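Asker: Sharing upload37.txt here; it has compact mmCIF, C-alpha atoms.
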```txt
# COMPACT_ATOMS: atom_id res chain seq x y z
CA MET A 1 57.22 148.43 145.90
CA SER A 2 59.89 145.70 145.76
CA VAL A 3 58.29 144.21 142.62
CA SER A 4 58.32 147.62 140.96
CA MET A 5 61.98 148.19 141.88
CA SER A 6 62.93 144.74 140.59
CA ARG A 7 61.16 145.46 137.30
CA ASN A 8 62.94 148.80 136.99
CA ARG A 9 66.32 147.15 137.56
CA GLN A 10 65.46 144.57 134.91
CA ASN A 11 64.52 147.30 132.45
CA ASP A 12 67.73 149.22 133.19
CA PHE A 13 69.79 146.07 132.59
CA LEU A 14 68.00 145.37 129.29
CA ASN A 15 68.51 148.96 128.16
CA GLN A 16 72.24 148.84 128.93
CA LEU A 17 72.70 145.48 127.24
CA TYR A 18 70.65 146.63 124.27
CA ASN A 19 72.86 149.71 123.86
CA ARG A 20 75.99 147.54 123.91
CA VAL A 21 74.63 145.04 121.37
CA THR A 22 73.34 147.66 118.95
CA GLY A 23 76.26 150.03 119.42
CA GLU A 24 73.99 152.98 120.10
CA GLU A 25 73.61 155.22 123.12
CA ASP A 26 69.93 155.93 122.56
CA ALA A 27 67.79 152.82 123.03
CA ARG A 28 64.72 154.71 121.89
CA VAL A 29 65.61 155.19 118.21
CA CYS A 30 62.42 154.26 116.37
CA LYS A 31 62.01 153.91 112.62
CA ASP A 32 58.75 152.69 111.03
CA ILE A 33 57.39 151.09 114.21
CA PRO A 34 54.48 152.43 116.33
CA ALA A 35 55.54 155.16 118.76
CA ALA A 36 54.01 153.15 121.61
CA ALA A 37 56.48 150.33 120.86
CA CYS A 38 59.61 152.44 121.41
CA ASP A 39 59.84 151.94 125.17
CA ASP A 40 59.48 148.17 124.78
CA GLN A 41 62.09 147.87 122.06
CA PRO A 42 64.97 146.51 124.23
CA ARG A 43 62.68 143.87 125.74
CA ASN A 44 61.28 142.95 122.33
CA PHE A 45 64.75 142.82 120.77
CA PHE A 46 66.04 140.20 123.21
CA ALA A 47 62.80 138.23 123.34
CA TYR A 48 62.80 137.96 119.56
CA LEU A 49 66.55 137.23 119.48
CA GLY A 50 66.23 134.38 121.96
CA ALA A 51 63.17 132.83 120.34
CA ASN A 52 64.57 133.12 116.83
CA SER A 53 67.93 131.64 117.84
CA LEU A 54 66.32 128.67 119.59
CA GLY A 55 64.06 128.10 116.59
CA LYS A 56 67.03 128.03 114.22
CA ILE A 57 68.85 125.53 116.45
CA ALA A 58 65.76 123.31 116.64
CA ASP A 59 65.40 123.48 112.86
CA GLU A 60 68.95 122.24 112.38
CA ILE A 61 68.47 119.48 114.95
CA GLY A 62 65.45 118.17 113.02
CA SER A 63 66.91 118.88 109.56
CA ALA A 64 65.09 117.11 106.73
CA LYS A 65 68.25 117.07 104.65
CA LEU A 66 70.60 115.73 107.33
CA LEU A 67 69.39 114.25 110.63
CA LEU A 68 66.12 112.74 109.36
CA PRO A 69 67.63 110.88 106.38
CA TRP A 70 70.36 109.58 108.69
CA MET A 71 67.68 108.35 111.10
CA PHE A 72 65.74 106.77 108.25
CA GLY A 73 68.83 104.79 107.31
CA ALA A 74 69.35 103.66 110.91
CA LEU A 75 65.70 102.58 111.16
CA GLY A 76 65.72 100.69 107.87
CA VAL A 77 63.20 103.05 106.23
CA PRO A 78 62.86 102.46 102.44
CA ALA A 79 64.44 105.10 100.20
CA LEU A 80 60.97 105.96 98.89
CA PHE A 81 60.28 107.76 102.19
CA THR A 82 63.71 109.42 102.21
CA GLY A 83 63.01 110.94 98.81
CA PHE A 84 60.01 112.80 100.22
CA LEU A 85 61.83 114.41 103.17
CA VAL A 86 63.07 117.57 101.44
CA PRO A 87 59.95 118.00 99.22
CA ILE A 88 57.58 117.81 102.19
CA ARG A 89 59.78 120.11 104.28
CA GLU A 90 59.96 122.75 101.54
CA ALA A 91 56.51 122.47 99.97
CA GLY A 92 54.84 122.08 103.35
CA VAL A 93 56.17 125.49 104.32
CA LEU A 94 55.67 127.16 100.96
CA VAL A 95 52.16 126.34 99.75
CA PRO A 96 50.20 126.89 103.03
CA GLN A 97 52.07 130.18 103.56
CA LEU A 98 50.00 131.75 100.81
CA MET A 99 46.84 131.24 102.87
CA VAL A 100 48.51 131.91 106.22
CA ALA A 101 49.68 135.34 105.03
CA ALA A 102 46.07 136.39 104.48
CA LEU A 103 45.05 135.06 107.90
CA VAL A 104 47.85 136.95 109.63
CA ARG A 105 46.92 140.23 107.96
CA ARG A 106 43.42 139.99 109.44
CA MET A 107 44.74 139.75 113.02
CA PRO A 108 45.67 142.91 114.95
CA ILE A 109 48.07 140.94 117.22
CA ARG A 110 50.18 138.52 115.15
CA LYS A 111 52.49 136.93 117.73
CA TYR A 112 49.83 134.35 118.62
CA VAL A 113 50.15 132.85 115.14
CA TRP A 114 53.87 132.37 115.77
CA LEU A 115 53.17 130.82 119.17
CA MET A 116 50.71 128.37 117.62
CA GLY A 117 53.28 127.43 114.97
CA ALA A 118 56.00 126.97 117.59
CA ILE A 119 53.82 124.72 119.76
CA LEU A 120 52.89 122.59 116.74
CA SER A 121 56.58 122.40 115.80
CA ALA A 122 57.42 121.15 119.29
CA LEU A 123 54.65 118.56 119.26
CA SER A 124 55.68 117.27 115.84
CA LEU A 125 59.30 116.83 116.95
CA PHE A 126 58.12 114.98 120.05
CA GLY A 127 56.03 112.81 117.72
CA MET A 128 59.07 112.05 115.57
CA ALA A 129 61.06 111.06 118.65
CA TRP A 130 58.27 108.72 119.75
CA ALA A 131 58.03 107.19 116.25
CA ALA A 132 61.80 106.60 116.16
CA LEU A 133 61.62 104.64 119.42
CA SER A 134 58.40 102.78 118.58
CA PHE A 135 58.69 101.72 114.92
CA GLU A 136 61.09 100.55 112.27
CA GLY A 137 61.07 100.34 108.48
CA ALA A 138 58.09 101.65 106.52
CA ALA A 139 56.01 102.16 109.69
CA ALA A 140 58.63 104.52 111.11
CA GLY A 141 58.92 106.33 107.77
CA SER A 142 55.15 106.82 107.49
CA ALA A 143 54.77 108.11 111.04
CA MET A 144 57.69 110.51 110.75
CA LEU A 145 56.56 111.88 107.37
CA ILE A 146 53.14 112.65 108.89
CA MET A 147 54.88 114.49 111.71
CA LEU A 148 57.04 116.31 109.14
CA VAL A 149 53.94 117.54 107.31
CA ILE A 150 52.67 119.05 110.58
CA PHE A 151 56.10 120.49 111.31
CA SER A 152 56.40 122.09 107.87
CA VAL A 153 52.97 123.70 108.00
CA ALA A 154 53.72 124.95 111.52
CA ARG A 155 56.98 126.48 110.29
CA GLY A 156 54.96 128.28 107.64
CA PHE A 157 52.88 129.87 110.42
CA CYS A 158 56.07 130.99 112.17
CA SER A 159 57.73 132.29 109.01
CA VAL A 160 54.88 134.55 107.94
CA SER A 161 54.00 135.91 111.39
CA ALA A 162 57.62 136.40 112.49
CA LYS A 163 58.26 138.93 109.73
CA ASP A 164 55.15 140.88 110.71
CA VAL A 165 55.97 140.89 114.42
CA LEU A 166 59.57 141.93 113.73
CA GLY A 167 58.40 144.83 111.58
CA LYS A 168 56.06 146.05 114.34
CA THR A 169 58.35 145.70 117.37
CA VAL A 170 61.97 146.28 116.29
CA SER A 171 63.20 149.41 114.52
CA LYS A 172 64.42 149.18 110.93
CA SER A 173 67.96 150.14 111.91
CA ARG A 174 68.12 147.29 114.44
CA ARG A 175 66.71 144.33 112.48
CA GLY A 176 69.87 143.48 110.58
CA ARG A 177 71.90 143.28 113.79
CA LEU A 178 69.21 141.16 115.43
CA MET A 179 69.22 138.62 112.59
CA GLY A 180 73.01 138.66 112.46
CA TRP A 181 73.30 137.86 116.15
CA SER A 182 70.64 135.18 115.80
CA SER A 183 72.50 133.45 112.96
CA ALA A 184 75.80 133.68 114.84
CA ILE A 185 74.40 132.23 118.08
CA SER A 186 72.55 129.37 116.39
CA GLY A 187 75.51 128.61 114.13
CA ILE A 188 77.91 128.29 117.06
CA VAL A 189 75.51 126.05 119.01
CA VAL A 190 74.90 123.77 116.01
CA LEU A 191 78.66 123.41 115.47
CA ILE A 192 79.06 122.45 119.13
CA ILE A 193 76.30 119.84 118.75
CA GLY A 194 78.05 118.43 115.69
CA LEU A 195 81.39 118.22 117.48
CA ALA A 196 79.74 116.64 120.52
CA LEU A 197 78.07 113.95 118.41
CA GLY A 198 81.48 112.97 117.08
CA THR A 199 82.49 111.85 120.57
CA PHE A 200 79.71 109.25 120.88
CA SER A 201 80.71 105.61 120.56
CA LEU A 202 77.32 103.94 120.80
CA ALA A 203 76.20 101.01 118.69
CA ASP A 204 75.21 101.87 115.14
CA THR A 205 71.71 100.51 115.69
CA ASP A 206 71.01 102.61 118.78
CA VAL A 207 68.46 105.30 117.82
CA THR A 208 68.04 106.64 121.34
CA VAL A 209 70.44 109.52 120.70
CA PHE A 210 68.45 110.54 117.61
CA ALA A 211 65.21 110.46 119.58
CA TRP A 212 66.75 112.59 122.33
CA LEU A 213 67.97 115.09 119.73
CA LEU A 214 64.47 115.45 118.32
CA ALA A 215 62.97 115.74 121.80
CA THR A 216 65.55 118.41 122.62
CA GLY A 217 64.46 120.31 119.51
CA GLY A 218 60.87 120.16 120.78
CA ILE A 219 61.93 121.48 124.18
CA LEU A 220 63.80 124.35 122.49
CA TRP A 221 60.61 125.29 120.64
CA LEU A 222 58.67 125.39 123.92
CA VAL A 223 61.31 127.63 125.51
CA ALA A 224 61.18 129.80 122.40
CA CYS A 225 57.41 130.09 122.98
CA LEU A 226 57.97 131.45 126.47
CA LEU A 227 60.41 134.04 125.12
CA PHE A 228 58.28 135.10 122.16
CA TYR A 229 55.27 135.49 124.44
CA GLN A 230 57.22 138.22 126.28
CA ILE A 231 57.14 140.44 123.19
CA VAL A 232 54.91 143.48 123.69
CA GLU A 233 53.15 143.92 120.34
CA GLN A 234 50.96 146.88 119.46
CA PRO A 235 47.78 146.16 117.45
CA GLY A 236 48.34 146.48 113.71
CA ALA A 237 46.24 147.24 110.67
CA THR A 238 43.93 144.46 109.46
CA GLN A 239 43.22 145.72 105.95
CA GLY A 240 44.36 143.84 102.87
CA GLY A 241 43.63 140.37 104.19
CA GLY A 242 42.48 138.84 100.92
CA ASN A 243 43.01 135.19 100.03
CA ALA A 244 46.56 135.16 98.74
CA LEU A 245 46.18 131.61 97.41
CA SER A 246 43.28 132.48 95.11
CA VAL A 247 45.21 135.53 93.90
CA ALA A 248 48.23 133.36 93.17
CA LEU A 249 46.13 130.82 91.28
CA ASN A 250 44.55 133.57 89.21
CA GLN A 251 48.00 134.78 88.32
CA MET A 252 49.05 131.35 87.04
CA SER A 253 48.06 132.54 83.57
CA LEU A 254 51.41 134.36 83.58
CA LEU A 255 53.02 130.99 82.82
CA LYS A 256 51.37 131.17 79.40
CA SER A 257 51.75 134.87 78.65
CA ASP A 258 55.15 135.72 80.20
CA VAL A 259 57.93 133.92 78.33
CA MET A 260 60.75 135.08 80.62
CA LEU A 261 58.94 133.93 83.76
CA ARG A 262 58.11 130.59 82.16
CA HIS A 263 61.75 130.00 81.22
CA PHE A 264 62.88 130.91 84.74
CA ILE A 265 60.44 128.45 86.33
CA ILE A 266 61.64 125.69 84.00
CA ALA A 267 65.22 126.47 85.04
CA ARG A 268 64.25 126.53 88.72
CA SER A 269 62.47 123.19 88.30
CA LEU A 270 65.64 121.61 86.91
CA LEU A 271 67.61 123.13 89.78
CA LEU A 272 65.46 121.17 92.26
CA SER A 273 67.86 118.31 91.53
CA VAL A 274 70.49 120.03 93.70
CA ALA A 275 68.16 120.13 96.71
CA LEU A 276 66.73 116.64 96.17
CA VAL A 277 70.16 115.00 96.05
CA ILE A 278 71.23 116.06 99.56
CA PRO A 279 69.50 113.28 101.58
CA PHE A 280 71.04 110.64 99.31
CA TYR A 281 74.53 111.90 100.16
CA VAL A 282 73.55 111.40 103.80
CA LEU A 283 72.47 107.81 103.09
CA LEU A 284 75.77 107.15 101.30
CA ALA A 285 77.73 108.55 104.22
CA GLN A 286 75.81 106.39 106.66
CA GLN A 287 76.53 103.30 104.58
CA HIS A 288 80.29 103.87 104.43
CA VAL A 289 81.41 105.48 107.71
CA SER A 290 82.75 103.33 110.51
CA SER A 291 81.19 105.32 113.37
CA GLU A 292 77.50 106.22 113.26
CA PHE A 293 77.66 109.35 115.41
CA ALA A 294 81.12 110.54 114.35
CA GLY A 295 79.87 110.54 110.76
CA LEU A 296 76.69 112.45 111.61
CA GLY A 297 78.61 114.94 113.72
CA ALA A 298 81.08 115.54 110.89
CA LEU A 299 78.22 116.20 108.45
CA ILE A 300 76.56 118.67 110.84
CA VAL A 301 79.82 120.60 111.19
CA ALA A 302 80.39 120.47 107.42
CA ASN A 303 76.87 121.72 106.76
CA GLY A 304 77.35 124.75 109.00
CA LEU A 305 80.78 125.58 107.64
CA GLY A 306 79.73 125.20 104.01
CA THR A 307 76.82 127.60 104.34
CA SER A 308 78.68 130.22 106.40
CA ILE A 309 81.92 130.44 104.41
CA SER A 310 80.24 130.56 100.99
CA SER A 311 77.53 133.16 101.60
CA PRO A 312 79.73 136.29 101.22
CA PHE A 313 81.30 134.91 98.01
CA TRP A 314 77.97 134.04 96.40
CA GLY A 315 76.49 137.37 97.51
CA TYR A 316 79.29 139.34 95.86
CA LEU A 317 79.10 137.28 92.67
CA GLY A 318 75.31 137.44 92.64
CA ASP A 319 75.41 141.23 92.41
CA ARG A 320 77.49 140.87 89.25
CA SER A 321 75.52 138.07 87.56
CA SER A 322 72.89 135.92 89.26
CA LYS A 323 72.71 133.80 86.10
CA GLN A 324 76.38 132.89 86.45
CA VAL A 325 75.87 132.04 90.13
CA MET A 326 73.10 129.58 89.24
CA MET A 327 75.29 128.01 86.57
CA LEU A 328 78.33 127.75 88.83
CA GLY A 329 76.36 126.26 91.71
CA ALA A 330 74.56 123.72 89.55
CA SER A 331 77.66 122.71 87.57
CA GLY A 332 79.65 122.31 90.80
CA ALA A 333 76.93 120.10 92.30
CA ALA A 334 76.75 118.06 89.08
CA LEU A 335 80.51 117.45 88.90
CA LEU A 336 80.60 116.62 92.61
CA GLY A 337 77.86 114.03 92.15
CA ILE A 338 79.62 112.39 89.21
CA PHE A 339 82.86 112.31 91.21
CA THR A 340 81.05 110.79 94.19
CA PHE A 341 79.47 108.08 92.04
CA ILE A 342 82.86 107.15 90.59
CA GLY A 343 84.38 107.10 94.08
CA ILE A 344 81.65 104.78 95.36
CA ARG A 345 81.99 102.38 92.43
CA ALA A 346 85.80 102.41 92.65
CA GLU A 347 85.65 102.00 96.45
CA TRP A 348 88.17 104.75 97.16
CA SER A 349 88.99 104.20 100.83
CA TRP A 350 90.48 107.70 101.19
CA LEU A 351 87.06 109.13 100.26
CA LEU A 352 84.67 106.65 101.87
CA ASN A 353 85.05 107.71 105.50
CA GLU A 354 83.55 110.35 107.80
CA TYR A 355 86.10 112.98 106.77
CA GLY A 356 85.74 112.33 103.05
CA PHE A 357 81.98 112.52 103.20
CA ALA A 358 82.16 115.62 105.42
CA LEU A 359 84.21 117.32 102.70
CA LEU A 360 81.76 116.19 99.99
CA PHE A 361 78.83 117.41 102.07
CA MET A 362 80.45 120.78 102.72
CA LEU A 363 81.14 121.28 99.00
CA LEU A 364 77.59 120.23 98.15
CA ASN A 365 76.16 122.75 100.62
CA ILE A 366 78.37 125.45 99.15
CA MET A 367 76.96 124.70 95.70
CA HIS A 368 73.40 124.49 97.02
CA SER A 369 73.82 127.90 98.70
CA GLY A 370 74.92 129.34 95.37
CA VAL A 371 71.92 127.89 93.55
CA ARG A 372 69.51 129.24 96.19
CA LEU A 373 71.01 132.72 96.22
CA GLY A 374 71.33 132.89 92.45
CA ARG A 375 67.75 132.02 91.68
CA LYS A 376 66.43 134.39 94.40
CA VAL A 377 68.45 137.32 93.06
CA TYR A 378 67.59 136.45 89.45
CA LEU A 379 63.86 136.55 90.18
CA VAL A 380 64.12 139.88 91.98
CA ASP A 381 66.23 141.41 89.20
CA MET A 382 63.98 140.00 86.48
CA ALA A 383 60.80 141.45 87.95
CA THR A 384 59.69 145.06 88.20
CA SER A 385 58.05 146.67 91.20
CA GLU A 386 54.67 146.03 89.55
CA THR A 387 55.27 142.36 88.68
CA ARG A 388 57.48 141.19 91.56
CA ALA A 389 54.68 140.02 93.89
CA ALA A 390 52.96 138.11 91.09
CA TYR A 391 56.24 136.54 89.92
CA VAL A 392 57.07 135.35 93.44
CA ALA A 393 53.57 133.93 93.98
CA VAL A 394 53.49 132.05 90.67
CA SER A 395 57.06 130.79 91.00
CA ASN A 396 56.65 129.59 94.60
CA THR A 397 53.30 127.91 93.91
CA SER A 398 54.63 126.11 90.84
CA ILE A 399 57.82 124.94 92.54
CA GLY A 400 55.99 123.90 95.70
CA ILE A 401 53.79 121.55 93.69
CA LEU A 402 56.66 120.23 91.56
CA MET A 403 58.75 119.63 94.68
CA LEU A 404 56.20 117.11 95.94
CA PHE A 405 56.36 115.17 92.68
CA GLY A 406 60.14 115.30 92.91
CA GLY A 407 59.91 113.20 96.04
CA LEU A 408 59.05 110.21 93.85
CA ILE A 409 62.77 109.95 93.09
CA GLY A 410 62.86 107.81 96.22
CA VAL A 411 61.03 105.04 94.31
CA LEU A 412 64.10 104.72 92.10
CA GLY A 413 66.29 104.86 95.19
CA ASP A 414 64.96 101.54 96.46
CA TRP A 415 65.54 99.98 93.06
CA LEU A 416 68.82 101.51 91.89
CA GLY A 417 70.53 102.52 95.14
CA ALA A 418 71.57 105.88 96.58
CA ALA A 419 74.76 106.18 94.49
CA THR A 420 72.85 105.86 91.21
CA ILE A 421 70.28 108.42 92.35
CA VAL A 422 73.13 110.85 93.09
CA LEU A 423 74.40 110.29 89.55
CA LEU A 424 70.98 110.77 87.93
CA LEU A 425 70.23 113.96 89.87
CA SER A 426 73.73 115.25 89.05
CA LEU A 427 73.10 114.73 85.35
CA LEU A 428 69.82 116.62 85.75
CA ALA A 429 71.75 119.46 87.39
CA MET A 430 74.06 119.53 84.36
CA LEU A 431 70.99 119.77 82.14
CA ALA A 432 69.92 122.74 84.27
CA VAL A 433 73.25 124.44 83.53
CA ILE A 434 72.74 123.96 79.79
CA TYR A 435 69.22 125.37 79.99
CA ILE A 436 70.24 128.35 82.15
CA ARG A 437 72.75 129.37 79.49
CA SER A 438 69.77 130.31 77.31
CA LEU A 439 68.28 132.64 79.93
CA GLU A 440 68.64 136.36 79.58
CA ASP A 441 71.20 137.93 81.92
CA VAL A 442 69.10 140.33 84.00
CA SER A 443 71.87 141.67 86.26
CA GLU A 444 73.03 145.25 85.88
CA PRO A 445 76.40 145.55 84.08
```
Please lay out the structure from this file as structure tokens.
Answerer:
Amino acid sequence: MSVSMSRNRQNDFLNQLYNRVTGEEDARVCKDIPAAACDDQPRNFFAYLGANSLGKIADEIGSAKLLLPWMFGALGVPALFTGFLVPIREAGVLVPQLMVAALVRRMPIRKYVWLMGAILSALSLFGMAWAALSFEGAAAGSAMLIMLVIFSVARGFCSVSAKDVLGKTVSKSRRGRLMGWSSAISGIVVLIIGLALGTFSLADTDVTVFAWLLATGGILWLVACLLFYQIVEQPGATQGGGNALSVALNQMSLLKSDVMLRHFIIARSLLLSVALVIPFYVLLAQQHVSSEFAGLGALIVANGLGTSISSPFWGYLGDRSSKQVMMLGASGAALLGIFTFIGIRAEWSWLLNEYGFALLFMLLNIMHSGVRLGRKVYLVDMATSETRAAYVAVSNTSIGILMLFGGLIGVLGDWLGAATIVLLLSLLAMLAVIYIRSLEDVSEP
């Protein structure tokens, strides 16, 4: 009896809190979810919110474009390995997703795929922490890249299954608020972590803090597992579970027959320069800041601010012309890179400190956000309802493969130095701007 009463009190509390968060009086509003899932919606809402928030925080802690390149610099890892961080992180998620999507559609209960991905994510972060404490140089780079491959594939499991579980357990009119709260919570926590790192005064060669950060990310994933397991998911349909990868490969003939798609993929390939340059800014910052952890903390804060303050602006502009957004983002990143190269060569002391690099990193993330939003909106606007799925599959498959080859830029990094790589990738971004000018403007007037 007491257990039943305790459970009822818990349900009443969740219902009241759910009503306050969603701004509705009726917690049982259900749109396009199974009727049997209505009563469990408050529980599912908060379980998903907690798990998703913790996953976002853990992702930022183990960021392939920020924390890992900084660690690689501290461990003396050759730039060759640094160049592969972003390609492995992106392609590792993208390419396997095509097969994972088919697997998920064949399972009536999909949350177990997410749980498997979360556990693998935790184990890979623990493995990175162990590698950071056990190795240096190329050995550390090799071990951590192997762990990053596992982490990226695991994140692909989570990404595909999370969308399915969300669609089955949380009403359509509640999903936007759930994701909004998740982004807000994770953003605040990441900013606090960045500010806290700025207070450390440990020796520059001490990697213990980095290892603890990665281990903390793994712990967050395990806690997220416990929360996600609490979701009550109704069995779903299992039809339509074909091999999405084979379908995508069959559709690759569109690259030959569809001129507009081919031009877009060429433009998107050139725009990879904006993503690939980010870790080299981190290496430059590490080389020129006086305090290891103050510099990293400043970059984490700058990364969060850059993404959050620019999203509304790029979204508004993207509705007017996604082509212009791509051009603005790429040209801004190109000019920033040229400016940074000049500043490094001229040894501008007012720029070469944690605050100067934090500003550069924030501006770079603003431009990168514009490029990402612009090319996503352009693809959606370019396609029709009949061609959109094929366009996305062909584009993602092509870019996923090219991204891996883009990691070879790290070979030049060991030879020419990070500053020169920033310049070369910035010139490539300017070439992207020139090429994008020739694309058709697909936005509505």
Asker: Distance atom CA of A:Ile434-atom CA of A:Ser257, one decimal place?
Answerer: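 Atom-to-atom, atom CA of A:Ile434 and atom CA of A:Ser257 are spaced 23.7 Å apart.
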Asker: Measuring atom to atom with all atoms listed in the file, identify which of A:Leu431, A:Ile309, A:Ala358, A:Leu222 is nearest to A:Met116.
Answerer: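 Among A:Leu431, A:Ile309, A:Ala358, A:Leu222, it is A:Leu222 that comes nearest to A:Met116.
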Asker: So which residues touch stretch 72-79 of chain A within 12 Å, counting all atoms listed in the file, skipping near sequence neighbours fewer than 5 positions away, as JSON, numbers by chain?
Answerer: {"A": [64, 65, 66, 67, 84, 85, 128, 131, 132, 133, 134, 135, 136, 137, 138, 139, 140, 141, 142, 143, 144, 145, 203, 204, 205, 206, 207, 208, 209, 210, 211, 279, 280, 281, 282, 283, 284, 285, 286, 287, 288, 292, 293, 296, 407, 408, 409, 410, 411, 412, 413, 414, 415, 416, 417, 418, 419, 421]}
Asker: Just to confirm, what's the straight-line distance from atom CA of A:Val277 to atom CA of A:Ser426 in Å (one decimal)?
Answerer: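 Spanning atom CA of A:Val277 to atom CA of A:Ser426 is a straight-line distance of 7.9 Å.
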Asker: Just how far from atom CA of A:Leu328 is atom CA of A:Ala432, in Å to one decimal?
Answerer: 10.8 Å
Asker: From the options A:Ala196, A:Leu373, A:Val259, A:Val394, which residue's atoms come nearest to A:Asp319, counting only C-alpha atoms?
Answerer: A:Leu373
Asker: Pick from A:Met260, A:Cys158, A:Ile57, A:Leu68: nearest to A:Phe228, with all atoms listed in the file counted?
Answerer: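 The answer is A:Cys158, which sits nearest to A:Phe228.
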Asker: Excluding A:Ser269 and any residue of its chain fewer than 5 positions from it, enumerate the residues within 12 Å of it, using all atoms listed in the file, and give them as a list in words.
Answerer: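 Skipping anything fewer than 5 positions along the chain leaves Arg262, His263, Phe264, Val274, Ala275, Leu276, Val371, Arg375, Ser395, Asn396, Thr397, Ser398, Ile399, Gly400, Ile401, Leu402, Met403, Leu404, Phe405, Gly406, Leu428, Ala429, Leu431, Ala432, Val433, Tyr435 and Ile436 of chain A.
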Asker: Stretch 382-384 of chain A: which residues within 12 Å, counting all atoms listed in the file, same-chain residues fewer than 2 positions away excluded, as a PyMOL selection string?
Answerer: chain A and resi 258-264+321-323+374-380+386-392+395+439-444
Asker: Determine the nearest neighbour of A:Arg43 from the options A:Gly194, A:Ser186, A:Val289, A:Tyr229, counting all atoms listed in the file.
Answerer: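 Ranked by minimum distance to A:Arg43, first place goes to A:Tyr229.
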Asker: Measuring atom to atom with only C-alpha atoms, identify which of A:Ile188, A:Ile231, A:Ile278, A:Gly127 is nearest to A:Trp70.
Answerer: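 Closest to A:Trp70 of all the choices is A:Ile278.
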Asker: With distances taken over all atoms listed in the file, which residue among A:Pro42, A:Gly92, A:Gly370, A:Gly356 lies nearest A:Pro312?
Answerer: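 For A:Pro312, the nearest of the given residues is A:Gly370.
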Asker: At a cut-off of 8 Å, using all atoms listed in the file, what residues contact A:Leu191? Leave out same-chain residues fewer than 3 positions from it and give the result as a VMD selection string.
Answerer: chain A and resid 187 to 188 194 to 195 300 to 301 304
Asker: Start from the incomplete input, build N, CA and C atoms for stretch 153-164 of chain A, and deliver everything as a PDB file, keeping the file's coordinate frame.
Answerer:
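This went into out-v2.pdb:
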```pdb
ATOM      1  N   VAL A 153      54.065 122.736 107.990  1.00  0.00           N
ATOM      2  CA  VAL A 153      52.970 123.700 108.000  1.00  0.00           C
ATOM      3  C   VAL A 153      53.123 124.662 109.183  1.00  0.00           C
ATOM      4  N   ALA A 154      53.510 124.106 110.331  1.00  0.00           N
ATOM      5  CA  ALA A 154      53.720 124.950 111.520  1.00  0.00           C
ATOM      6  C   ALA A 154      54.824 125.961 111.277  1.00  0.00           C
ATOM      7  N   ARG A 155      55.892 125.550 110.594  1.00  0.00           N
ATOM      8  CA  ARG A 155      56.980 126.480 110.290  1.00  0.00           C
ATOM      9  C   ARG A 155      56.514 127.570 109.347  1.00  0.00           C
ATOM     10  N   GLY A 156      55.543 127.245 108.494  1.00  0.00           N
ATOM     11  CA  GLY A 156      54.960 128.280 107.640  1.00  0.00           C
ATOM     12  C   GLY A 156      54.245 129.341 108.459  1.00  0.00           C
ATOM     13  N   PHE A 157      53.517 128.919 109.514  1.00  0.00           N
ATOM     14  CA  PHE A 157      52.880 129.870 110.420  1.00  0.00           C
ATOM     15  C   PHE A 157      53.931 130.808 111.034  1.00  0.00           C
ATOM     16  N   CYS A 158      55.024 130.206 111.511  1.00  0.00           N
ATOM     17  CA  CYS A 158      56.070 130.990 112.170  1.00  0.00           C
ATOM     18  C   CYS A 158      56.731 131.949 111.191  1.00  0.00           C
ATOM     19  N   SER A 159      57.004 131.478 109.991  1.00  0.00           N
ATOM     20  CA  SER A 159      57.730 132.290 109.010  1.00  0.00           C
ATOM     21  C   SER A 159      56.966 133.554 108.644  1.00  0.00           C
ATOM     22  N   VAL A 160      55.683 133.396 108.355  1.00  0.00           N
ATOM     23  CA  VAL A 160      54.880 134.550 107.940  1.00  0.00           C
ATOM     24  C   VAL A 160      54.681 135.534 109.097  1.00  0.00           C
ATOM     25  N   SER A 161      54.304 135.017 110.262  1.00  0.00           N
ATOM     26  CA  SER A 161      54.000 135.910 111.390  1.00  0.00           C
ATOM     27  C   SER A 161      55.253 136.547 111.968  1.00  0.00           C
ATOM     28  N   ALA A 162      56.391 135.844 111.924  1.00  0.00           N
ATOM     29  CA  ALA A 162      57.620 136.400 112.490  1.00  0.00           C
ATOM     30  C   ALA A 162      58.024 137.687 111.794  1.00  0.00           C
ATOM     31  N   LYS A 163      57.894 137.718 110.483  1.00  0.00           N
ATOM     32  CA  LYS A 163      58.260 138.930 109.730  1.00  0.00           C
ATOM     33  C   LYS A 163      57.367 140.097 110.124  1.00  0.00           C
ATOM     34  N   ASP A 164      56.074 139.821 110.311  1.00  0.00           N
ATOM     35  CA  ASP A 164      55.150 140.880 110.710  1.00  0.00           C
ATOM     36  C   ASP A 164      55.460 141.395 112.105  1.00  0.00           C
TER      37      ASP A 164
END
```
